[in-house]
Structures are given as structure tokens and as C-alpha cells.
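entry_13.cif, holding mmCIF, C-alpha atoms:
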data_entry
#
loop_
_atom_site.label_atom_id
_atom_site.label_comp_id
_atom_site.auth_asym_id
_atom_site.auth_seq_id
_atom_site.Cartn_x
_atom_site.Cartn_y
_atom_site.Cartn_z
CA MET A 1 13.62 -1.07 19.61
CA GLN A 2 10.59 -3.36 19.42
CA LYS A 3 10.36 -5.39 16.24
CA ASN A 4 7.29 -5.69 14.07
CA THR A 5 4.68 -7.67 16.03
CA SER A 6 1.76 -7.12 13.67
CA GLY A 7 1.33 -10.80 12.81
CA GLU A 8 1.13 -12.26 9.33
CA PHE A 9 -1.26 -12.59 6.41
CA SER A 10 -0.94 -14.91 3.44
CA ILE A 11 -1.49 -13.04 0.15
CA GLY A 12 -2.75 -15.45 -2.47
CA ASN A 13 -2.28 -18.26 0.06
CA ASP A 14 1.46 -18.37 -0.55
CA LEU A 15 3.02 -14.96 0.14
CA ARG A 16 3.32 -14.72 3.92
CA VAL A 17 3.82 -11.07 4.81
CA SER A 18 3.94 -9.00 7.98
CA ARG A 19 0.58 -7.28 8.36
CA LEU A 20 2.32 -3.96 8.94
CA GLY A 21 4.25 -3.22 5.78
CA PHE A 22 6.01 -0.19 4.29
CA GLY A 23 4.72 2.13 1.58
CA ALA A 24 7.55 3.51 -0.52
CA MET A 25 5.85 6.53 -2.11
CA ARG A 26 7.44 8.99 0.30
CA ILE A 27 11.04 8.08 -0.53
CA THR A 28 10.76 10.36 -3.57
CA GLY A 29 10.81 14.13 -4.04
CA LYS A 30 8.08 16.70 -3.48
CA GLY A 31 4.94 15.92 -5.43
CA VAL A 32 6.07 12.26 -5.63
CA TRP A 33 8.50 13.50 -8.28
CA GLY A 34 12.24 13.10 -8.65
CA GLU A 35 14.88 12.37 -6.06
CA PRO A 36 14.19 12.52 -2.33
CA ALA A 37 15.72 15.34 -0.32
CA ASP A 38 18.02 12.81 1.36
CA ARG A 39 18.63 9.67 -0.67
CA ALA A 40 20.99 8.21 1.96
CA GLU A 41 18.26 8.51 4.60
CA ALA A 42 15.76 6.84 2.26
CA ILE A 43 18.15 3.91 1.92
CA ARG A 44 18.56 3.75 5.69
CA VAL A 45 14.77 3.72 6.10
CA LEU A 46 14.39 0.72 3.81
CA ARG A 47 17.19 -1.23 5.45
CA ARG A 48 15.88 -0.43 8.91
CA ALA A 49 12.39 -1.55 7.90
CA VAL A 50 13.73 -4.99 7.02
CA GLU A 51 15.78 -5.10 10.24
CA LEU A 52 12.60 -4.43 12.21
CA GLY A 53 10.78 -7.36 10.63
CA ILE A 54 8.86 -5.73 7.78
CA ASN A 55 8.84 -8.06 4.80
CA PHE A 56 6.18 -6.36 2.66
CA ILE A 57 7.11 -3.25 0.69
CA ASP A 58 4.66 -1.52 -1.64
CA THR A 59 5.76 0.78 -4.47
CA ALA A 60 4.84 1.76 -8.05
CA ASP A 61 6.58 2.65 -11.29
CA SER A 62 4.92 6.08 -11.08
CA TYR A 63 6.56 7.02 -7.76
CA GLY A 64 9.26 9.36 -8.95
CA PRO A 65 8.54 8.13 -11.58
CA HIS A 66 10.88 5.13 -11.26
CA VAL A 67 12.83 6.62 -8.35
CA SER A 68 11.18 4.59 -5.58
CA GLU A 69 11.83 1.27 -7.32
CA GLU A 70 15.44 2.22 -8.05
CA ILE A 71 16.12 3.15 -4.42
CA ILE A 72 14.52 -0.08 -3.17
CA ALA A 73 16.87 -2.11 -5.35
CA GLU A 74 19.88 -0.03 -4.34
CA ALA A 75 19.08 -0.45 -0.66
CA LEU A 76 18.01 -4.07 -0.51
CA HIS A 77 19.21 -6.08 -3.52
CA PRO A 78 20.08 -8.94 -3.32
CA TYR A 79 16.82 -9.30 -1.45
CA PRO A 80 16.58 -11.31 1.77
CA ALA A 81 14.52 -14.49 1.66
CA GLY A 82 10.83 -13.88 2.23
CA LEU A 83 10.82 -10.20 1.28
CA VAL A 84 7.77 -9.38 -0.86
CA ILE A 85 7.95 -6.28 -3.04
CA ALA A 86 4.63 -5.28 -4.58
CA THR A 87 4.51 -2.69 -7.34
CA LYS A 88 1.90 -1.12 -9.59
CA GLY A 89 1.38 0.13 -13.12
CA GLY A 90 -1.32 2.21 -14.79
CA PHE A 91 -0.36 5.88 -14.52
CA ASP A 92 1.56 8.33 -16.67
CA ARG A 93 3.32 11.13 -14.76
CA PRO A 94 3.60 14.38 -16.72
CA GLY A 95 4.89 16.33 -13.69
CA PRO A 96 4.88 16.77 -9.89
CA ASP A 97 1.51 15.92 -8.31
CA LYS A 98 0.13 15.08 -11.77
CA TRP A 99 -1.35 11.64 -12.43
CA VAL A 100 -2.90 10.48 -15.71
CA GLU A 101 -4.52 7.05 -15.93
CA ASN A 102 -3.14 4.82 -18.67
CA GLY A 103 -4.48 1.28 -18.81
CA ARG A 104 -3.60 0.54 -22.42
CA PRO A 105 -2.22 -3.02 -22.60
CA GLU A 106 1.00 -1.88 -24.29
CA HIS A 107 1.58 0.62 -21.50
CA LEU A 108 0.98 -1.95 -18.76
CA LYS A 109 3.36 -4.39 -20.46
CA ALA A 110 6.10 -1.75 -20.75
CA ALA A 111 5.49 -0.58 -17.17
CA CYS A 112 5.84 -4.09 -15.80
CA GLU A 113 9.00 -4.79 -17.76
CA GLY A 114 10.47 -1.50 -16.55
CA SER A 115 9.67 -2.44 -12.95
CA LEU A 116 11.35 -5.82 -13.41
CA ARG A 117 14.53 -4.09 -14.59
CA ARG A 118 14.57 -1.44 -11.88
CA LEU A 119 13.79 -3.86 -9.07
CA ARG A 120 16.32 -6.36 -10.50
CA VAL A 121 13.95 -9.30 -10.30
CA GLU A 122 12.77 -11.91 -12.79
CA ARG A 123 9.24 -11.98 -11.41
CA ILE A 124 7.14 -9.52 -9.40
CA ASP A 125 5.31 -11.26 -6.56
CA LEU A 126 2.33 -8.88 -6.52
CA TYR A 127 1.59 -6.59 -9.46
CA GLN A 128 -1.31 -4.20 -8.99
CA LEU A 129 -3.37 -2.31 -11.55
CA HIS A 130 -2.94 1.21 -10.18
CA ARG A 131 -6.35 2.29 -11.51
CA ILE A 132 -8.92 0.76 -13.84
CA ASP A 133 -8.72 3.24 -16.71
CA SER A 134 -12.22 4.22 -17.81
CA LYS A 135 -10.92 4.91 -21.33
CA VAL A 136 -9.86 1.28 -21.88
CA PRO A 137 -12.05 -1.84 -21.62
CA ALA A 138 -11.40 -3.50 -18.25
CA VAL A 139 -11.07 -6.87 -19.95
CA ASP A 140 -8.10 -5.52 -21.93
CA GLN A 141 -6.40 -4.22 -18.79
CA ILE A 142 -6.90 -7.41 -16.77
CA GLY A 143 -6.02 -9.41 -19.87
CA ALA A 144 -2.67 -7.62 -20.13
CA LEU A 145 -1.83 -8.61 -16.55
CA MET A 146 -2.95 -12.17 -17.20
CA ASN A 147 -0.59 -12.32 -20.18
CA LEU A 148 2.27 -11.10 -18.01
CA GLN A 149 1.32 -13.71 -15.43
CA ALA A 150 1.31 -16.45 -18.07
CA GLN A 151 4.80 -15.34 -19.14
CA GLY A 152 6.04 -15.73 -15.56
CA LYS A 153 6.72 -12.00 -15.13
CA ILE A 154 4.22 -11.55 -12.30
CA LYS A 155 2.96 -14.04 -9.73
CA HIS A 156 -0.23 -12.47 -8.37
CA ILE A 157 -2.60 -9.72 -9.53
CA GLY A 158 -4.00 -6.96 -7.31
CA LEU A 159 -6.26 -3.95 -7.85
CA SER A 160 -6.24 -0.39 -6.53
CA GLU A 161 -9.05 2.15 -5.92
CA VAL A 162 -11.91 -0.10 -6.98
CA SER A 163 -15.53 -0.74 -6.01
CA VAL A 164 -16.99 -4.08 -4.99
CA VAL A 165 -18.60 -4.41 -8.43
CA GLN A 166 -15.27 -3.78 -10.17
CA ILE A 167 -13.56 -6.42 -8.03
CA GLN A 168 -16.30 -8.92 -8.76
CA ARG A 169 -16.04 -8.29 -12.50
CA ALA A 170 -12.24 -8.57 -12.44
CA ARG A 171 -12.48 -11.87 -10.56
CA THR A 172 -14.52 -13.36 -13.40
CA MET A 173 -11.41 -12.84 -15.54
CA ALA A 174 -8.52 -13.56 -13.17
CA PRO A 175 -7.78 -14.40 -9.53
CA ILE A 176 -7.45 -11.17 -7.53
CA VAL A 177 -5.46 -11.51 -4.29
CA SER A 178 -5.34 -7.93 -2.98
CA VAL A 179 -7.13 -4.60 -3.10
CA GLN A 180 -5.51 -1.26 -2.28
CA ASN A 181 -8.03 1.49 -1.49
CA ARG A 182 -7.83 4.70 0.51
CA TYR A 183 -8.90 3.94 4.07
CA SER A 184 -8.08 5.10 7.58
CA VAL A 185 -9.67 5.59 10.97
CA THR A 186 -10.99 8.96 9.73
CA ASP A 187 -11.79 7.88 6.14
CA ARG A 188 -14.00 4.83 5.80
CA GLY A 189 -15.45 5.37 2.37
CA SER A 190 -14.26 1.90 1.35
CA GLU A 191 -15.94 0.07 4.24
CA ASP A 192 -18.01 -2.06 1.83
CA VAL A 193 -14.87 -3.03 -0.08
CA LEU A 194 -13.11 -4.00 3.15
CA GLU A 195 -16.08 -6.12 4.20
CA TYR A 196 -16.07 -7.85 0.81
CA CYS A 197 -12.35 -8.55 1.13
CA GLU A 198 -12.94 -10.00 4.60
CA ARG A 199 -15.59 -12.40 3.29
CA GLU A 200 -13.40 -13.46 0.36
CA GLU A 201 -10.09 -13.50 2.30
CA ILE A 202 -8.52 -10.95 -0.04
CA GLY A 203 -5.73 -8.78 1.36
CA PHE A 204 -6.88 -5.17 1.92
CA ILE A 205 -4.05 -2.62 1.69
CA PRO A 206 -5.18 0.79 2.98
CA TRP A 207 -3.30 3.62 1.34
CA PHE A 208 -3.02 6.99 3.08
CA PRO A 209 -3.47 5.10 6.39
CA LEU A 210 -2.21 8.06 8.44
CA ALA A 211 -3.76 10.80 6.29
CA ALA A 212 -0.26 12.29 5.96
CA GLY A 213 -0.20 13.04 9.68
CA LYS A 214 -3.46 15.05 9.66
CA LEU A 215 -5.41 12.64 11.81
CA SER A 216 -6.22 14.53 14.93
CA GLY A 217 -6.87 17.90 16.46
CA ALA A 218 -6.94 19.03 20.05
CA GLY A 219 -9.69 17.20 21.91
CA SER A 220 -10.32 14.67 19.14
CA ALA A 221 -11.06 11.03 19.94
CA ILE A 222 -7.71 10.00 18.49
CA GLN A 223 -5.88 12.56 20.61
CA ARG A 224 -7.72 11.48 23.77
CA VAL A 225 -6.96 7.80 23.22
CA ALA A 226 -3.32 8.59 22.41
CA GLU A 227 -2.91 10.56 25.63
CA ARG A 228 -4.46 7.75 27.69
CA LEU A 229 -2.17 5.14 26.14
CA LYS A 230 0.91 7.40 26.12
CA ALA A 231 1.22 6.93 22.38
CA SER A 232 1.14 9.20 19.35
CA PRO A 233 -2.06 9.75 17.32
CA SER A 234 -0.38 8.03 14.36
CA GLN A 235 0.35 4.95 16.46
CA VAL A 236 -3.28 4.84 17.61
CA ALA A 237 -4.47 5.11 14.00
CA LEU A 238 -2.24 2.22 12.92
CA ALA A 239 -3.21 0.09 15.90
CA TRP A 240 -6.88 0.70 15.05
CA LEU A 241 -6.33 -0.48 11.46
CA LEU A 242 -4.60 -3.66 12.63
CA ALA A 243 -7.41 -4.34 15.10
CA ARG A 244 -10.14 -3.59 12.54
CA SER A 245 -9.61 -6.68 10.37
CA THR A 246 -7.30 -9.65 9.97
CA VAL A 247 -7.08 -8.97 6.20
CA MET A 248 -5.88 -5.40 6.81
CA LEU A 249 -2.31 -4.72 5.62
CA PRO A 250 -1.40 -1.10 6.45
CA ILE A 251 1.59 0.34 4.59
CA PRO A 252 2.51 3.62 6.33
CA GLY A 253 5.29 5.43 4.51
CA THR A 254 7.98 7.79 5.64
CA SER A 255 11.36 9.15 4.63
CA LYS A 256 12.76 9.22 8.20
CA VAL A 257 14.10 6.35 10.29
CA ASP A 258 12.72 7.71 13.57
CA HIS A 259 9.21 7.96 12.11
CA LEU A 260 9.53 4.43 10.74
CA GLU A 261 10.44 3.12 14.19
CA GLU A 262 7.47 4.94 15.72
CA ASN A 263 5.16 3.33 13.15
CA VAL A 264 6.52 -0.17 13.78
CA ALA A 265 6.07 0.26 17.54
CA ALA A 266 2.35 0.81 16.88
CA ALA A 267 2.00 -2.91 16.15
CA GLY A 268 2.51 -3.59 19.85
CA LEU A 269 -0.12 -1.07 20.96
CA LYS A 270 -3.27 -2.73 22.30
CA LEU A 271 -6.53 -0.81 22.15
CA ASP A 272 -9.11 -1.64 24.81
CA GLU A 273 -12.85 -1.83 24.14
CA ASN A 274 -13.41 1.77 25.22
CA ALA A 275 -10.75 3.01 22.80
CA LEU A 276 -12.12 0.90 19.95
CA GLN A 277 -15.62 2.22 20.58
CA GLU A 278 -14.46 5.85 20.65
CA LEU A 279 -12.51 5.47 17.44
CA GLY A 280 -15.23 3.44 15.77
CA GLU A 281 -17.66 6.34 16.14
CA LEU A 282 -15.55 8.84 14.20
CA VAL A 283 -17.38 10.44 11.28
CA ARG A 284 -16.33 9.35 7.84
CA ALA A 285 -14.30 11.86 5.89
CA PRO A 286 -14.79 12.68 2.18
CA ARG A 287 -13.16 10.39 -0.36
CA ALA A 288 -9.83 11.23 -1.97
CA SER A 289 -9.04 12.29 -5.49
CA LYS A 290 -7.63 9.72 -7.88
CA SER A 291 -4.00 10.68 -7.30
CA GLY A 292 -1.78 9.02 -4.74
CA ALA A 293 -1.02 5.45 -3.80
#

Full structure transcribed into C-alpha cells:
Amino acid sequence: MQKNTSGEFSIGNDLRVSRLGFGAMRITGKGVWGEPADRAEAIRVLRRAVELGINFIDTADSYGPHVSEEIIAEALHPYPAGLVIATKGGFDRPGPDKWVENGRPEHLKAACEGSLRRLRVERIDLYQLHRIDSKVPAVDQIGALMNLQAQGKIKHIGLSEVSVVQIQRARTMAPIVSVQNRYSVTDRGSEDVLEYCEREEIGFIPWFPLAAGKLSGAGSAIQRVAERLKASPSQVALAWLLARSTVMLPIPGTSKVDHLEENVAAAGLKLDENALQELGELVRAPRASKSGA
């Protein structure tokens, strides 16, 4: 099995991570709620990811809630040197598929401390504000993360689902090293954010990078390129993301080892100019709702 050959990116100039990471939302139950259908397989997925050279895992306290972080620690603690686990705070979860923004400073502080306990670490390398809560002044939300940073509980601060203007405002308050927005070969609503991250050398983490497997239909550009390259549409979509920008850090998630291995193999897939042109001309899809990664 080919190991991860996606190359590296330095988050915050000191966290060297494989550009193809792993998103740990799908190692939970239906509706991102409760236990996964097969906890043992979820543990195997995480361990296999590390074996294949992935050293960047993205999760959140709201995945489960708490379940994803607990399984990561069960599978991988004590963590191998160089493994970066990024997590997020900023949502309440009243039930399956239900997401309620909560950016109150006291909530963010409690969420971070809970993540520290569940992940069994003294400091979180990358802590991301899951959403900027419109009900709470942004300065209070960023300020809460800065306080946690000053206390040594988090190393770097990232944002999720933000506009260029929101990133710029946040950067007047604190250094921002990563942005996680919905983006894929068929959904480029955050193109301006990606271009900003490229100019500023900020890591761009596309969530929903495979659109949950709904990337192609018969006769689509993705399907045609996949057939030519003897690859799967998902592999083509990941290869396109990696080729699109050097700051791109895709985090495809799965609960199955065989699917994980297929995703990792995509890092070795080379798209020629014809393929890149075909894929580059795909029409943008509508933006997502606020739920999700």
C-alpha cells in the first residue's frame, strides 16, 4: 500500500503536517451523534492513517459530541512524535444533525478544557473557532482563545466558515494560522478565501472535500477523468485539491480502512493539464448550511 505522498505544509511556521490529513467527524454515529456503528473499525482507521504517513488529524468537541476525541485518544495515545491533532469549539449539540452556535467565552473555555481532557494532552496544537457566533462580539470570542493561548492550553488559533473580511478582522486581534471552509472541486464558494490564504500563507483546510461521495454522475468531467486515469472519482477530487494550491490541506474522513487507503493513494495521482482544465471548468455548487465540519 502506497504511503501518503502529499508533501508537507508548515502551519504557523512550526507545525509540519502532511498535506493530506484525516477528518475525524465520520468516526461517530449517524447524524454525527453518539457511538460509531463499529468502534473497533474506527480505531483501526485511525491507527492505519498514522501507519500510512498521515500526521494531521482534525476533530471537534461537537463530533459525537465528545466521541471523536475520545476514540482518537483511545486509538493513538500516547501520541507518536510529530502527530498534530487539531480540534474545534463553538457549537452546542442538542441532538443528531442539530448544531447551535455558541461563542460565549465561558463556553469556549469549557470546551477547550474538555478537549484537553479527552485528548489527554496538556496543550492543543491547533484550536479552531468552529463558527464566529453572530450573537457574541467577535472580539470576545477571539479574546477567549487568546486567553487560552496565553495560559499555554492552545498553541495556534484557526477559524472555520469565515469570509475574507472576518479573517482580516480576526487577524487584527490575534495571529490566525488556518482557515477551514467548505470547498471541493464541485463547490468553490470559498475561492476568494482560498486566494487570500494563498497570499498570506495561511493553511486552508477544505471540509466536505469529497461532498460525502456525491461528486460525480455518469458522463461528468470527474467521471471521465477518473476513467482515463483508472482511478475513482473521489481520488480525482482529492488529487485536484492537492494540485489546486500549496496551502490546501484536505481532510477526507471515513469510518472504513479500505476507503482510507483509497483516499491516501490519491496523493500519488498526477493530473495532466487536460484533466486540470476539465475539472477547473466545473460549475460552482451552492454553499452549504452552517452544520458540519

Closest of A:Ala174, A:Leu282, A:Leu52, A:Val179 to A:Ser220 - atom-to-atom distances counting all atoms listed in the file:
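When distances to A:Ser220 are compared using all atoms listed in the file, the smallest one comes from A:Leu282.
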
Using all atoms listed in the file, which of the listed residues (A:Ser163, A:Ser62, A:Gln141, A:Ser232) sits closest to A:Gly31?
->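 So, comparing all the options, the nearest one is A:Ser62.
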
Picked residues, the PyMOL selection byres ((chain A and resi 164) around 12), as an mmCIF file with C-alpha atoms, keeping the file's coordinate frame:
data_model
loop_
_atom_site.group_PDB
_atom_site.id
_atom_site.type_symbol
_atom_site.label_atom_id
_atom_site.label_comp_id
_atom_site.auth_asym_id
_atom_site.auth_seq_id
_atom_site.Cartn_x
_atom_site.Cartn_y
_atom_site.Cartn_z
ATOM 1 C CA LEU A 159 -6.260 -3.950 -7.850
ATOM 2 C CA SER A 160 -6.240 -0.390 -6.530
ATOM 3 C CA GLU A 161 -9.050 2.150 -5.920
ATOM 4 C CA VAL A 162 -11.910 -0.100 -6.980
ATOM 5 C CA SER A 163 -15.530 -0.740 -6.010
ATOM 6 C CA VAL A 165 -18.600 -4.410 -8.430
ATOM 7 C CA GLN A 166 -15.270 -3.780 -10.170
ATOM 8 C CA ILE A 167 -13.560 -6.420 -8.030
ATOM 9 C CA GLN A 168 -16.300 -8.920 -8.760
ATOM 10 C CA ARG A 169 -16.040 -8.290 -12.500
ATOM 11 C CA ALA A 170 -12.240 -8.570 -12.440
ATOM 12 C CA ARG A 171 -12.480 -11.870 -10.560
ATOM 13 C CA VAL A 179 -7.130 -4.600 -3.100
ATOM 14 C CA ASN A 181 -8.030 1.490 -1.490
ATOM 15 C CA SER A 190 -14.260 1.900 1.350
ATOM 16 C CA GLU A 191 -15.940 0.070 4.240
ATOM 17 C CA ASP A 192 -18.010 -2.060 1.830
ATOM 18 C CA VAL A 193 -14.870 -3.030 -0.080
ATOM 19 C CA LEU A 194 -13.110 -4.000 3.150
ATOM 20 C CA GLU A 195 -16.080 -6.120 4.200
ATOM 21 C CA TYR A 196 -16.070 -7.850 0.810
ATOM 22 C CA CYS A 197 -12.350 -8.550 1.130
ATOM 23 C CA GLU A 198 -12.940 -10.000 4.600
ATOM 24 C CA ARG A 199 -15.590 -12.400 3.290
ATOM 25 C CA GLU A 200 -13.400 -13.460 0.360
ATOM 26 C CA ILE A 202 -8.520 -10.950 -0.040
#

Go through A:Phe208, A:Phe91, A:Phe56, A:Tyr79 one by one, measure the shortest atom-to-atom distance of each to A:Ser234 using all atoms listed in the file, and give the residue with the smallest value.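 The answer is A:Phe208, which sits nearest to A:Ser234.
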
Distance cut-off 9 Å, centre (10.0, 4.5, -4.8) in file coordinates, counting only C-alpha atoms: which residues qualify? Return them as a PyMOL selection string. chain A and resi 23-28+32+58-72

- Can you find the residues with an atom no farther than 7 Å from (7.0, -14.1, -10.8), counting only C-alpha atoms, and report them as number ranges by chain? A: 122-125, 152-155

Exercise. Evaluate the PyMOL selection byres ((chain A and resi 139) around 12) on the structure here and hand back the selected residues as an NGL selection string.
Key: :A and (103-105 or 132-138 or 140-147 or 166 or 169-174)

Apply the PyMOL selection byres ((chain A and resi 205) around 8) to the file shown and report the selected residues as JSON, numbers by chain.
{"A": [178, 179, 180, 181, 203, 204, 206, 207, 248, 249, 250, 251]}

Quick one: write out the picked residues with C-alpha atoms as a compact mmCIF listing (two decimals), keeping the file's coordinate frame?
# COMPACT_ATOMS: atom_id res chain seq x y z
CA SER A 178 -5.34 -7.93 -2.98
CA VAL A 179 -7.13 -4.60 -3.10
CA GLN A 180 -5.51 -1.26 -2.28
CA ASN A 181 -8.03 1.49 -1.49
CA GLY A 203 -5.73 -8.78 1.36
CA PHE A 204 -6.88 -5.17 1.92
CA PRO A 206 -5.18 0.79 2.98
CA TRP A 207 -3.30 3.62 1.34
CA MET A 248 -5.88 -5.40 6.81
CA LEU A 249 -2.31 -4.72 5.62
CA PRO A 250 -1.40 -1.10 6.45
CA ILE A 251 1.59 0.34 4.59

The distance between atom CA of A:Leu276 and atom CA of A:Ala49 is 27.4 Å

Using all atoms listed in the file, the shortest atom-to-atom distance to A:Glu262 among A:Leu210, A:Ala73, A:Ala231, A:Leu242 belongs to A:Ala231

Exercise for the section: For each of A:Gly189, A:Gln149, A:Ile57, A:Ala75, take the minimum atom-to-atom distance to A:Ala42, counting all atoms listed in the file, then give the residue where this is smallest. Expected result: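 So, comparing all the options, the nearest one is A:Ala75.
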
Using all atoms listed in the file, the shortest atom-to-atom distance to A:Ala111 among A:Gly253, A:Pro96, A:Gly268, A:Gly90 belongs to A:Gly90

task = Would you work out the distance separating atom CA of A:Leu271 from atom CA of A:Val247, expressed in Å to one decimal?
result =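 Computing it gives 17.9 Å between the two atoms.
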
### Å distance separating atom CA of A:Gly53 from atom CA of A:Asn4, one decimal place
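That distance, rounded to one decimal, is 5.2 Å.
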
If we count all atoms listed in the file, what is near A:Ala237 at a cut-off of 9 Å, once residues fewer than 6 positions away on the same chain are taken out, given as a PDB file with C-alpha atoms, keeping the file's coordinate frame?
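As written to disk, result.pdb reads:
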ATOM      1  CA  SER A 184      -8.080   5.100   7.580  1.00  0.00           C
ATOM      2  CA  VAL A 185      -9.670   5.590  10.970  1.00  0.00           C
ATOM      3  CA  THR A 186     -10.990   8.960   9.730  1.00  0.00           C
ATOM      4  CA  PRO A 209      -3.470   5.100   6.390  1.00  0.00           C
ATOM      5  CA  LEU A 210      -2.210   8.060   8.440  1.00  0.00           C
ATOM      6  CA  LEU A 215      -5.410  12.640  11.810  1.00  0.00           C
ATOM      7  CA  ILE A 222      -7.710  10.000  18.490  1.00  0.00           C
ATOM      8  CA  ALA A 266       2.350   0.810  16.880  1.00  0.00           C
ATOM      9  CA  LEU A 279     -12.510   5.470  17.440  1.00  0.00           C
TER      10      LEU A 279
END
